[in-house]
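Visitor: The structure file work16.pdb (PDB, C-alpha atoms and all ligand atoms) is provided below.
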```
MODEL        1
ATOM      1  CA  MET A  28       0.000   0.000   0.000
ATOM      2  CA  LEU A  29       1.338   3.415  -0.977
ATOM      3  CA  HIS A  30       0.552   6.445   1.198
ATOM      4  CA  GLY A  31       0.988  10.169   0.731
ATOM      5  CA  VAL A  32       2.345  10.107  -2.810
ATOM      6  CA  ASN A  33       2.487  13.666  -4.094
ATOM      7  CA  LEU A  34       4.132  14.024  -7.454
ATOM      8  CA  VAL A  35       3.857  16.665 -10.168
ATOM      9  CA  ILE A  36       5.462  15.939 -13.521
ATOM     10  CA  PRO A  37       5.257  18.887 -15.913
ATOM     11  CA  ALA A  38       4.640  17.932 -19.564
ATOM     12  CA  GLY A  39       7.819  17.164 -21.463
ATOM     13  CA  GLU A  40       9.915  16.481 -18.355
ATOM     14  CA  THR A  41      11.646  13.272 -17.327
ATOM     15  CA  HIS A  42      11.575  12.090 -13.739
ATOM     16  CA  ILE A  43      13.198   8.996 -12.248
ATOM     17  CA  LEU A  44      12.180   7.273  -9.019
ATOM     18  CA  PHE A  45      14.939   5.569  -7.082
ATOM     19  CA  GLY A  46      14.200   3.065  -4.356
ATOM     20  CA  PRO A  47      15.118  -0.361  -3.028
ATOM     21  CA  ASN A  48      13.374  -3.595  -4.055
ATOM     22  CA  GLY A  49       9.842  -3.769  -2.717
ATOM     23  CA  SER A  50       9.532  -0.043  -1.971
ATOM     24  CA  GLY A  51       6.539   0.375  -4.290
ATOM     25  CA  LYS A  52       8.004   1.814  -7.505
ATOM     26  CA  SER A  53       6.296  -0.641  -9.858
ATOM     27  CA  SER A  54       3.081  -0.350  -7.838
ATOM     28  CA  LEU A  55       3.056   3.422  -8.332
ATOM     29  CA  LEU A  56       3.552   3.154 -12.091
ATOM     30  CA  ALA A  57       0.884   0.439 -12.346
ATOM     31  CA  THR A  58      -1.528   2.618 -10.383
ATOM     32  CA  ILE A  59      -0.909   5.584 -12.679
ATOM     33  CA  MET A  60      -1.448   3.302 -15.696
ATOM     34  CA  GLY A  61      -4.685   1.991 -14.152
ATOM     35  CA  LEU A  62      -3.751  -1.670 -13.916
ATOM     36  CA  PRO A  63      -5.640  -4.029 -11.646
ATOM     37  CA  PRO A  64      -5.543  -4.848  -8.762
ATOM     38  CA  TYR A  65      -4.278  -1.387  -7.798
ATOM     39  CA  ARG A  66      -6.866   1.125  -6.635
ATOM     40  CA  VAL A  67      -6.713   4.763  -5.632
ATOM     41  CA  THR A  68      -8.439   4.936  -2.247
ATOM     42  CA  SER A  69      -7.961   8.660  -1.708
ATOM     43  CA  GLY A  70      -6.738  11.589  -3.763
ATOM     44  CA  HIS A  71      -6.511  11.999  -7.527
ATOM     45  CA  ILE A  72      -4.353  11.285 -10.528
ATOM     46  CA  LEU A  73      -4.594  14.255 -12.859
ATOM     47  CA  PHE A  74      -3.586  14.039 -16.524
ATOM     48  CA  LYS A  75      -3.714  17.349 -18.392
ATOM     49  CA  GLY A  76      -5.799  18.620 -15.495
ATOM     50  CA  ARG A  77      -8.380  15.847 -15.746
ATOM     51  CA  PRO A  78      -8.832  13.263 -12.963
ATOM     52  CA  VAL A  79      -8.231   9.805 -14.437
ATOM     53  CA  GLU A  80      -8.268   7.488 -11.418
ATOM     54  CA  ALA A  81     -11.702   6.159 -12.489
ATOM     55  CA  VAL A  82     -10.727   5.859 -16.174
ATOM     56  CA  PRO A  83     -10.125   2.232 -17.250
ATOM     57  CA  VAL A  84      -6.694   1.177 -18.456
ATOM     58  CA  ASP A  85      -7.641   0.856 -22.133
ATOM     59  CA  GLU A  86      -9.008   4.376 -22.190
ATOM     60  CA  ARG A  87      -5.905   5.663 -20.392
ATOM     61  CA  ALA A  88      -3.844   4.014 -23.144
ATOM     62  CA  ARG A  89      -5.923   5.859 -25.729
ATOM     63  CA  LEU A  90      -5.364   9.114 -23.822
ATOM     64  CA  GLY A  91      -1.613   8.575 -24.258
ATOM     65  CA  PHE A  92      -0.542   6.549 -21.223
ATOM     66  CA  GLY A  93       1.996   3.818 -21.994
ATOM     67  CA  MET A  94       4.035   1.558 -19.747
ATOM     68  CA  THR A  95       6.908  -0.857 -20.079
ATOM     69  CA  PHE A  96       6.662  -3.873 -17.800
ATOM     70  CA  GLN A  97       9.273  -5.661 -15.725
ATOM     71  CA  ARG A  98       7.742  -9.054 -16.483
ATOM     72  CA  PRO A  99       5.258  -8.753 -19.356
ATOM     73  CA  PRO A 100       3.256 -11.793 -20.478
ATOM     74  CA  GLY A 101       3.858 -13.437 -23.852
ATOM     75  CA  LEU A 102       1.211 -13.026 -26.551
ATOM     76  CA  ASP A 103       0.933 -16.441 -28.187
ATOM     77  CA  GLY A 104      -0.226 -16.168 -31.781
ATOM     78  CA  VAL A 105       0.322 -12.389 -32.009
ATOM     79  CA  THR A 106       3.416 -11.565 -34.034
ATOM     80  CA  VAL A 107       5.409  -8.375 -33.586
ATOM     81  CA  GLU A 108       4.314  -7.417 -37.096
ATOM     82  CA  ALA A 109       0.623  -8.042 -36.375
ATOM     83  CA  PHE A 110       0.794  -6.170 -33.052
ATOM     84  CA  THR A 111       2.437  -3.198 -34.741
ATOM     85  CA  ALA A 112      -0.149  -3.193 -37.526
ATOM     86  CA  ALA A 113      -2.967  -3.388 -34.951
ATOM     87  CA  ILE A 114      -1.798  -0.152 -33.310
ATOM     88  CA  GLY A 115      -1.486   1.520 -36.717
ATOM     89  CA  SER A 116       2.300   1.789 -36.743
ATOM     90  CA  ALA A 117       3.359  -0.747 -39.401
ATOM     91  CA  ASP A 118       5.217   1.983 -41.304
ATOM     92  CA  MET A 119       7.443   2.733 -38.292
ATOM     93  CA  LEU A 120       8.498  -0.808 -37.379
ATOM     94  CA  LYS A 121      11.598  -1.329 -39.523
ATOM     95  CA  GLU A 122      13.326   1.937 -38.696
ATOM     96  CA  GLU A 123      12.481   2.012 -34.994
ATOM     97  CA  ALA A 124      13.398  -1.646 -34.512
ATOM     98  CA  ALA A 125      16.773  -1.051 -36.173
ATOM     99  CA  ALA A 126      17.447   1.854 -33.785
ATOM    100  CA  LEU A 127      17.018  -0.605 -30.906
ATOM    101  CA  ASP A 128      19.102  -3.325 -32.549
ATOM    102  CA  PHE A 129      15.913  -5.385 -32.605
ATOM    103  CA  ARG A 130      16.008  -6.941 -36.050
ATOM    104  CA  GLY A 131      14.488 -10.195 -37.260
ATOM    105  CA  PHE A 132      11.631 -10.266 -34.749
ATOM    106  CA  GLU A 133       8.774  -9.380 -37.126
ATOM    107  CA  GLU A 134       7.464 -12.938 -37.453
ATOM    108  CA  ARG A 135       7.934 -13.896 -33.810
ATOM    109  CA  ASP A 136       5.143 -13.873 -31.249
ATOM    110  CA  VAL A 137       5.343 -10.898 -28.898
ATOM    111  CA  ILE A 138       7.549 -11.700 -25.860
ATOM    112  CA  VAL A 139       7.301 -15.476 -26.444
ATOM    113  CA  GLY A 140      10.817 -16.860 -26.047
ATOM    114  CA  PHE A 141      12.384 -13.390 -25.883
ATOM    115  CA  SER A 142      15.455 -13.146 -23.662
ATOM    116  CA  GLY A 143      15.335 -10.746 -20.703
ATOM    117  CA  GLY A 144      17.219  -8.057 -22.605
ATOM    118  CA  GLU A 145      15.099  -8.545 -25.742
ATOM    119  CA  ILE A 146      11.944  -8.089 -23.650
ATOM    120  CA  LYS A 147      13.258  -4.726 -22.384
ATOM    121  CA  ARG A 148      14.060  -3.534 -25.864
ATOM    122  CA  TRP A 149      10.664  -4.656 -27.179
ATOM    123  CA  GLU A 150       8.873  -2.890 -24.334
ATOM    124  CA  ILE A 151      10.587   0.407 -25.190
ATOM    125  CA  LEU A 152       9.979  -0.108 -28.898
ATOM    126  CA  LYS A 153       6.294  -0.702 -28.093
ATOM    127  CA  LEU A 154       5.985   2.744 -26.476
ATOM    128  CA  PHE A 155       7.690   4.317 -29.471
ATOM    129  CA  LEU A 156       5.334   2.548 -31.866
ATOM    130  CA  LYS A 157       2.309   3.432 -29.758
ATOM    131  CA  ARG A 158       3.353   7.123 -29.780
ATOM    132  CA  SER A 159       2.566   7.303 -26.057
ATOM    133  CA  ALA A 160       2.668  10.813 -24.613
ATOM    134  CA  LEU A 161       3.183   9.719 -20.998
ATOM    135  CA  CYS A 162       5.780   6.946 -20.916
ATOM    136  CA  LEU A 163       6.077   4.949 -17.712
ATOM    137  CA  PHE A 164       9.311   2.918 -17.632
ATOM    138  CA  ASP A 165       9.505   0.147 -15.065
ATOM    139  CA  GLU A 166      13.221  -0.598 -14.626
ATOM    140  CA  PRO A 167      14.006  -0.540 -18.347
ATOM    141  CA  GLU A 168      17.686  -1.356 -17.766
ATOM    142  CA  SER A 169      17.367  -4.356 -15.443
ATOM    143  CA  GLY A 170      18.498  -7.616 -16.995
ATOM    144  CA  VAL A 171      20.042  -5.907 -20.024
ATOM    145  CA  ASP A 172      23.666  -6.733 -20.783
ATOM    146  CA  LEU A 173      26.348  -4.053 -21.080
ATOM    147  CA  GLU A 174      26.416  -4.317 -24.855
ATOM    148  CA  HIS A 175      22.717  -3.543 -25.189
ATOM    149  CA  ILE A 176      22.287  -1.151 -22.286
ATOM    150  CA  ALA A 177      23.586   1.566 -24.609
ATOM    151  CA  ALA A 178      20.891   0.545 -27.117
ATOM    152  CA  VAL A 179      18.255   0.896 -24.388
ATOM    153  CA  GLY A 180      19.592   4.329 -23.376
ATOM    154  CA  GLY A 181      19.902   5.309 -27.013
ATOM    155  CA  ALA A 182      16.302   4.249 -27.606
ATOM    156  CA  ILE A 183      14.903   6.216 -24.689
ATOM    157  CA  ASP A 184      16.990   9.304 -25.443
ATOM    158  CA  PRO A 185      14.981  10.526 -28.452
ATOM    159  CA  LEU A 186      11.852  10.389 -26.298
ATOM    160  CA  LEU A 187      13.301  12.823 -23.798
ATOM    161  CA  GLY A 188      12.325  16.487 -23.369
ATOM    162  CA  ALA A 189      14.492  18.523 -25.706
ATOM    163  CA  ASN A 190      15.003  15.605 -28.087
ATOM    164  CA  ALA A 191      11.319  14.753 -28.397
ATOM    165  CA  PRO A 192       9.548  15.565 -31.633
ATOM    166  CA  LYS A 193       7.833  18.956 -31.311
ATOM    167  CA  SER A 194       4.596  17.406 -32.528
ATOM    168  CA  LEU A 195       4.622  14.890 -29.687
ATOM    169  CA  PRO A 196       6.074  16.197 -26.430
ATOM    170  CA  ARG A 197       6.607  13.207 -24.177
ATOM    171  CA  THR A 198       6.576  13.021 -20.427
ATOM    172  CA  LEU A 199       8.550  10.258 -18.797
ATOM    173  CA  LEU A 200       8.404   8.669 -15.373
ATOM    174  CA  GLY A 201      10.840   5.847 -14.854
ATOM    175  CA  ASN A 202      12.088   3.841 -11.940
ATOM    176  CA  THR A 203      15.158   1.865 -11.048
ATOM    177  CA  SER A 204      16.598   0.097  -8.045
ATOM    178  CA  THR A 205      20.143   0.227  -9.413
ATOM    179  CA  LEU A 206      22.404   3.266  -9.198
TER     180      LEU A 206
HETATM  181  N1  LIG A 301      -1.271  -7.298  -5.289
HETATM  182  C1  LIG A 301      -0.424  -7.296  -4.257
HETATM  183  N2  LIG A 301      -0.734  -7.891  -3.089
HETATM  184  C2  LIG A 301       0.103  -7.897  -2.040
HETATM  185  N3  LIG A 301       1.306  -7.287  -2.062
HETATM  186  C3  LIG A 301       1.651  -6.680  -3.186
HETATM  187  C4  LIG A 301       0.840  -6.636  -4.348
HETATM  188  N4  LIG A 301       1.459  -5.941  -5.320
HETATM  189  C5  LIG A 301       2.641  -5.582  -4.784
HETATM  190  N5  LIG A 301       2.761  -6.013  -3.513
HETATM  191  C6  LIG A 301       3.924  -5.830  -2.621
HETATM  192  O1  LIG A 301       4.187  -4.445  -2.543
HETATM  193  C7  LIG A 301       5.580  -4.233  -2.402
HETATM  194  C8  LIG A 301       6.029  -3.238  -3.463
HETATM  195  O2  LIG A 301       6.121  -3.916  -4.710
HETATM  196  P1  LIG A 301       6.657  -3.217  -6.021
HETATM  197  O3  LIG A 301       6.665  -4.261  -7.094
HETATM  198  O4  LIG A 301       5.890  -1.986  -6.283
HETATM  199  O5  LIG A 301       8.161  -2.830  -5.588
HETATM  200  P2  LIG A 301       9.344  -2.193  -6.432
HETATM  201  O6  LIG A 301       9.801  -0.954  -5.709
HETATM  202  O7  LIG A 301       8.947  -2.030  -7.859
HETATM  203  O8  LIG A 301      10.477  -3.327  -6.285
HETATM  204  P3  LIG A 301      11.599  -3.853  -7.331
HETATM  205  O9  LIG A 301      12.757  -2.885  -7.257
HETATM  206  O10 LIG A 301      11.968  -5.202  -6.759
HETATM  207  O11 LIG A 301      10.980  -3.953  -8.681
HETATM  208  C9  LIG A 301       6.242  -5.606  -2.524
HETATM  209  O12 LIG A 301       6.573  -6.061  -1.238
HETATM  210  C10 LIG A 301       5.191  -6.452  -3.197
HETATM  211  O13 LIG A 301       5.282  -7.836  -2.851
HETATM  212 MG    MG A 302       9.570  -2.960  -9.586
ENDMDL
END
```
Give the structure from this file in structure tokens form.
Guide:
Amino acid sequence: MLHGVNLVIPAGETHILFGPNGSGKSSLLATIMGLPPYRVTSGHILFKGRPVEAVPVDERARLGFGMTFQRPPGLDGVTVEAFTAAIGSADMLKEEAAALDFRGFEERDVIVGFSGGEIKRWEILKLFLKRSALCLFDEPESGVDLEHIAAVGGAIDPLLGANAPKSLPRTLLGNTSTL
């Protein structure tokens, strides 16, 4: 249970939460995203001035909320290509995947059989493809080897404040337990 969380993240800014294992970082992001079983029992979550704590997760996603997961489930029977087409971003896949050194995954089912580091890179790519305006990163670097950690950083970098496309200012909230 999280108490007394008071956080303001101005549009276009990047904020990182640091805290030890079990301190509630993932829970906070999941609550902002609107994932069950988390509930807001008092107070509000405001997005562009509008309270969203009663808005279901799918509608929050349509409003621009996006989250990378520490341990996302596999989507049997849904290829990376099909997923990307379903969110209307087929034209972006090749270029964005190359930027993340994530080639040759088009025909594979989402997450199924991905290594830990591949899952992280897919999760970031997913937010890119989804054009999420509020990007919630749950420990994007954990489990990624040194060779690819630069690819993860390099992938997140263009999303950040000054580097973000003017047409789509992005706000980021991330967390990590590693310094
Ligand atoms: N649905 C739940 N029921 C009971 N306890 C829960 C539930 N969800 C989370 N917790 C507990 O709340 C605490 C905070 O978990 P959370 O995953 O938010 O931590 P974290 O800061 O992200 O940790 P880590 O750095 O290990 O990822 C943990 O002790 C976890 O077991
Ligand atoms: Mg966590």
Visitor: Need the shell around Pro167 in chain A: protein/DNA/RNA residues with any atom at most 9 Å away, counting all atoms listed in the file. Skip same-chain ones fewer than 2 positions apart. Format as a list in words?
Guide: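 Near Pro167 in chain A, the qualifying residues are Thr95, Phe96, Gln97, Lys147, Arg148, Glu150, Ile151, Phe164, Asp165, Ser169, Gly170, Val171, Val179, Gly180, Gly201, Asn202 and Thr203 of chain A.
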Visitor: Can you work out which one of A:Leu173, A:Ala112, A:Val32, A:Leu55 has the shortest atom-to-atom distance to ligand LIG 301 (chain A), counting all atoms listed in the file?
Guide: A:Leu55
Visitor: Calculated over all atoms listed in the file, which of the candidates A:Ala177, A:Leu156, A:Ala182, A:Met60 has the smallest distance to Ile114 in chain A?
Guide: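 Going through A:Ala177, A:Leu156, A:Ala182, A:Met60 one by one, the smallest distance to Ile114 in chain A is for A:Leu156.
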Visitor: Starting from the shown file, work through the PyMOL selection byres (((not hetatm)) within 8 of (chain A and resi 301)) and note down what comes out as a list in words.
Guide: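 After applying the PyMOL selection byres (((not hetatm)) within 8 of (chain A and resi 301)), what remains is Met28, Gly46, Pro47, Asn48, Gly49, Ser50, Gly51, Lys52, Ser53, Ser54, Leu55, Pro64, Tyr65, Gln97, Asp165, Glu166, Asn202, Thr203 and Ser204 of chain A.
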Visitor: Name the closest residue to Ile176 in chain A among the candidates A:Met94, A:Leu127, A:Leu163, A:Val139; distances are taken between atoms, counting all atoms listed in the file.
Guide: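 With all atoms listed in the file as the atom set, the closest residue is A:Leu127.
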Visitor: Determine the residue membership of the PyMOL selection byres (((chain A and resi 40) around 8) and not hetatm) for the file above and supply it as a list in words.
Guide: Ile36, Pro37, Ala38, Gly39, Thr41, His42, Leu187, Gly188, Arg197, Thr198 and Leu199 of chain A
Visitor: Residues of the last selection are to be written out with C-alpha atoms, as a compact mmCIF listing (two decimals), keeping the file's coordinate frame.
Guide:
```txt
# COMPACT_ATOMS: atom_id res chain seq x y z
CA ILE A 36 5.46 15.94 -13.52
CA PRO A 37 5.26 18.89 -15.91
CA ALA A 38 4.64 17.93 -19.56
CA GLY A 39 7.82 17.16 -21.46
CA THR A 41 11.65 13.27 -17.33
CA HIS A 42 11.58 12.09 -13.74
CA LEU A 187 13.30 12.82 -23.80
CA GLY A 188 12.32 16.49 -23.37
CA ARG A 197 6.61 13.21 -24.18
CA THR A 198 6.58 13.02 -20.43
CA LEU A 199 8.55 10.26 -18.80
```
Visitor: Can you give me, as a list in words, the residues this file yields under the PyMOL selection byres (((chain A and resi 138) around 10) and not hetatm)?
Guide: Arg98, Pro99, Pro100, Gly101, Leu102, Asp103, Val105, Thr106, Val107, Phe132, Arg135, Asp136, Val137, Val139, Gly140, Phe141, Ser142, Gly143, Glu145, Ile146, Lys147, Trp149 and Glu150 of chain A
Visitor: For CA of Gly91 in chain A and CA of Arg77 in chain A, determine how far apart the two atoms are, in Å to one decimal place.
Guide: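 So the answer is 13.1 Å.
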Visitor: Measuring atom to atom with only C-alpha atoms, identify which of A:Leu120, A:Leu44, A:Val35, A:Leu152 is nearest to Gly76 in chain A.
Guide: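 Comparing A:Leu120, A:Leu44, A:Val35, A:Leu152 against Gly76 in chain A, the winner is A:Val35.
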Visitor: Once 8 Å is added on each side, what centre and edge lengths in Å to one decimal does the axis-aligned box around all listed atoms of range 35-38 of chain A have, as lines of an AutoDock Vina configuration file?
Guide:
```
center_x = 4.7
center_y = 17.4
center_z = -14.9
size_x = 17.6
size_y = 18.9
size_z = 25.4
```
Visitor: In Å to one decimal, how far is CA of Ala178 in chain A from CA of Ala126 in chain A?
Guide: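 For CA of Ala126 in chain A relative to CA of Ala178 in chain A, the distance reads 7.6 Å.
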Visitor: Name the closest residue to ligand MG 302 (chain A) among the candidates A:Cys162, A:Leu56, A:Leu154, A:Val82; distances are taken between atoms, counting all atoms listed in the file.
Guide: A:Leu56
Visitor: To one decimal in Å, tell me the separation between CA of Arg66 in chain A and CA of Glu168 in chain A.
Guide: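 CA of Glu168 in chain A lies 27.1 Å from CA of Arg66 in chain A.
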Visitor: Give the answer as one residue: which of A:Ile43, A:Ala57, A:Asn33, A:Ile183 has the shortest atom-to-atom distance to ligand MG 302 (chain A), using all atoms listed in the file?
Guide: A:Ala57
Visitor: Could range 106-136 of chain A be completed with N, CA and C atoms and returned as a tab-separated table (two decimals), keeping the file's coordinate frame?
Guide:
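As written to disk, out27.tsv reads:
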```
chain	number	residue	atom	x	y	z
A	106	THR	N	2.04	-11.89	-33.65
A	106	THR	CA	3.42	-11.56	-34.03
A	106	THR	C	3.70	-10.08	-33.79
A	107	VAL	N	4.98	-9.77	-33.73
A	107	VAL	CA	5.41	-8.38	-33.59
A	107	VAL	C	4.82	-7.54	-34.73
A	108	GLU	N	4.84	-8.12	-35.92
A	108	GLU	CA	4.31	-7.42	-37.10
A	108	GLU	C	2.81	-7.15	-36.95
A	109	ALA	N	2.08	-8.18	-36.51
A	109	ALA	CA	0.62	-8.04	-36.38
A	109	ALA	C	0.28	-7.04	-35.27
A	110	PHE	N	1.02	-7.09	-34.17
A	110	PHE	CA	0.79	-6.17	-33.05
A	110	PHE	C	1.00	-4.74	-33.53
A	111	THR	N	2.09	-4.54	-34.27
A	111	THR	CA	2.44	-3.20	-34.74
A	111	THR	C	1.38	-2.68	-35.71
A	112	ALA	N	0.90	-3.59	-36.58
A	112	ALA	CA	-0.15	-3.19	-37.53
A	112	ALA	C	-1.43	-2.84	-36.77
A	113	ALA	N	-1.73	-3.61	-35.71
A	113	ALA	CA	-2.97	-3.39	-34.95
A	113	ALA	C	-2.99	-2.02	-34.28
A	114	ILE	N	-1.81	-1.49	-33.93
A	114	ILE	CA	-1.80	-0.15	-33.31
A	114	ILE	C	-1.51	0.93	-34.35
A	115	GLY	N	-1.58	0.54	-35.63
A	115	GLY	CA	-1.49	1.52	-36.72
A	115	GLY	C	-0.10	2.08	-36.95
A	116	SER	N	0.93	1.27	-36.63
A	116	SER	CA	2.30	1.79	-36.74
A	116	SER	C	3.19	0.94	-37.63
A	117	ALA	N	2.58	0.17	-38.56
A	117	ALA	CA	3.36	-0.75	-39.40
A	117	ALA	C	4.48	-0.02	-40.13
A	118	ASP	N	4.22	1.23	-40.53
A	118	ASP	CA	5.22	1.98	-41.30
A	118	ASP	C	6.46	2.33	-40.47
A	119	MET	N	6.33	2.32	-39.15
A	119	MET	CA	7.44	2.73	-38.29
A	119	MET	C	8.33	1.57	-37.87
A	120	LEU	N	7.85	0.33	-38.04
A	120	LEU	CA	8.50	-0.81	-37.38
A	120	LEU	C	9.96	-0.99	-37.77
A	121	LYS	N	10.24	-1.00	-39.07
A	121	LYS	CA	11.60	-1.33	-39.52
A	121	LYS	C	12.63	-0.37	-38.94
A	122	GLU	N	12.36	0.92	-39.11
A	122	GLU	CA	13.33	1.94	-38.70
A	122	GLU	C	13.51	1.96	-37.18
A	123	GLU	N	12.40	1.93	-36.45
A	123	GLU	CA	12.48	2.01	-34.99
A	123	GLU	C	13.12	0.75	-34.41
A	124	ALA	N	12.81	-0.40	-35.00
A	124	ALA	CA	13.40	-1.65	-34.51
A	124	ALA	C	14.91	-1.64	-34.74
A	125	ALA	N	15.34	-1.11	-35.87
A	125	ALA	CA	16.77	-1.05	-36.17
A	125	ALA	C	17.48	-0.16	-35.15
A	126	ALA	N	16.84	0.93	-34.76
A	126	ALA	CA	17.45	1.85	-33.78
A	126	ALA	C	17.69	1.15	-32.45
A	127	LEU	N	16.89	0.13	-32.17
A	127	LEU	CA	17.02	-0.60	-30.91
A	127	LEU	C	17.78	-1.91	-31.07
A	128	ASP	N	18.39	-2.09	-32.26
A	128	ASP	CA	19.10	-3.32	-32.55
A	128	ASP	C	18.17	-4.52	-32.32
A	129	PHE	N	16.96	-4.40	-32.84
A	129	PHE	CA	15.91	-5.38	-32.60
A	129	PHE	C	15.42	-5.90	-33.96
A	130	ARG	N	16.33	-6.50	-34.69
A	130	ARG	CA	16.01	-6.94	-36.05
A	130	ARG	C	15.64	-8.42	-36.07
A	131	GLY	N	14.80	-8.78	-37.04
A	131	GLY	CA	14.49	-10.20	-37.26
A	131	GLY	C	13.40	-10.73	-36.34
A	132	PHE	N	12.66	-9.83	-35.69
A	132	PHE	CA	11.63	-10.27	-34.75
A	132	PHE	C	10.22	-10.16	-35.33
A	133	GLU	N	10.10	-9.68	-36.56
A	133	GLU	CA	8.77	-9.38	-37.13
A	133	GLU	C	7.81	-10.56	-37.06
A	134	GLU	N	8.34	-11.77	-37.37
A	134	GLU	CA	7.46	-12.94	-37.45
A	134	GLU	C	7.29	-13.65	-36.11
A	135	ARG	N	8.01	-13.19	-35.10
A	135	ARG	CA	7.93	-13.90	-33.81
A	135	ARG	C	6.78	-13.39	-32.97
A	136	ASP	N	6.23	-14.28	-32.13
A	136	ASP	CA	5.14	-13.87	-31.25
A	136	ASP	C	5.70	-12.94	-30.17
```
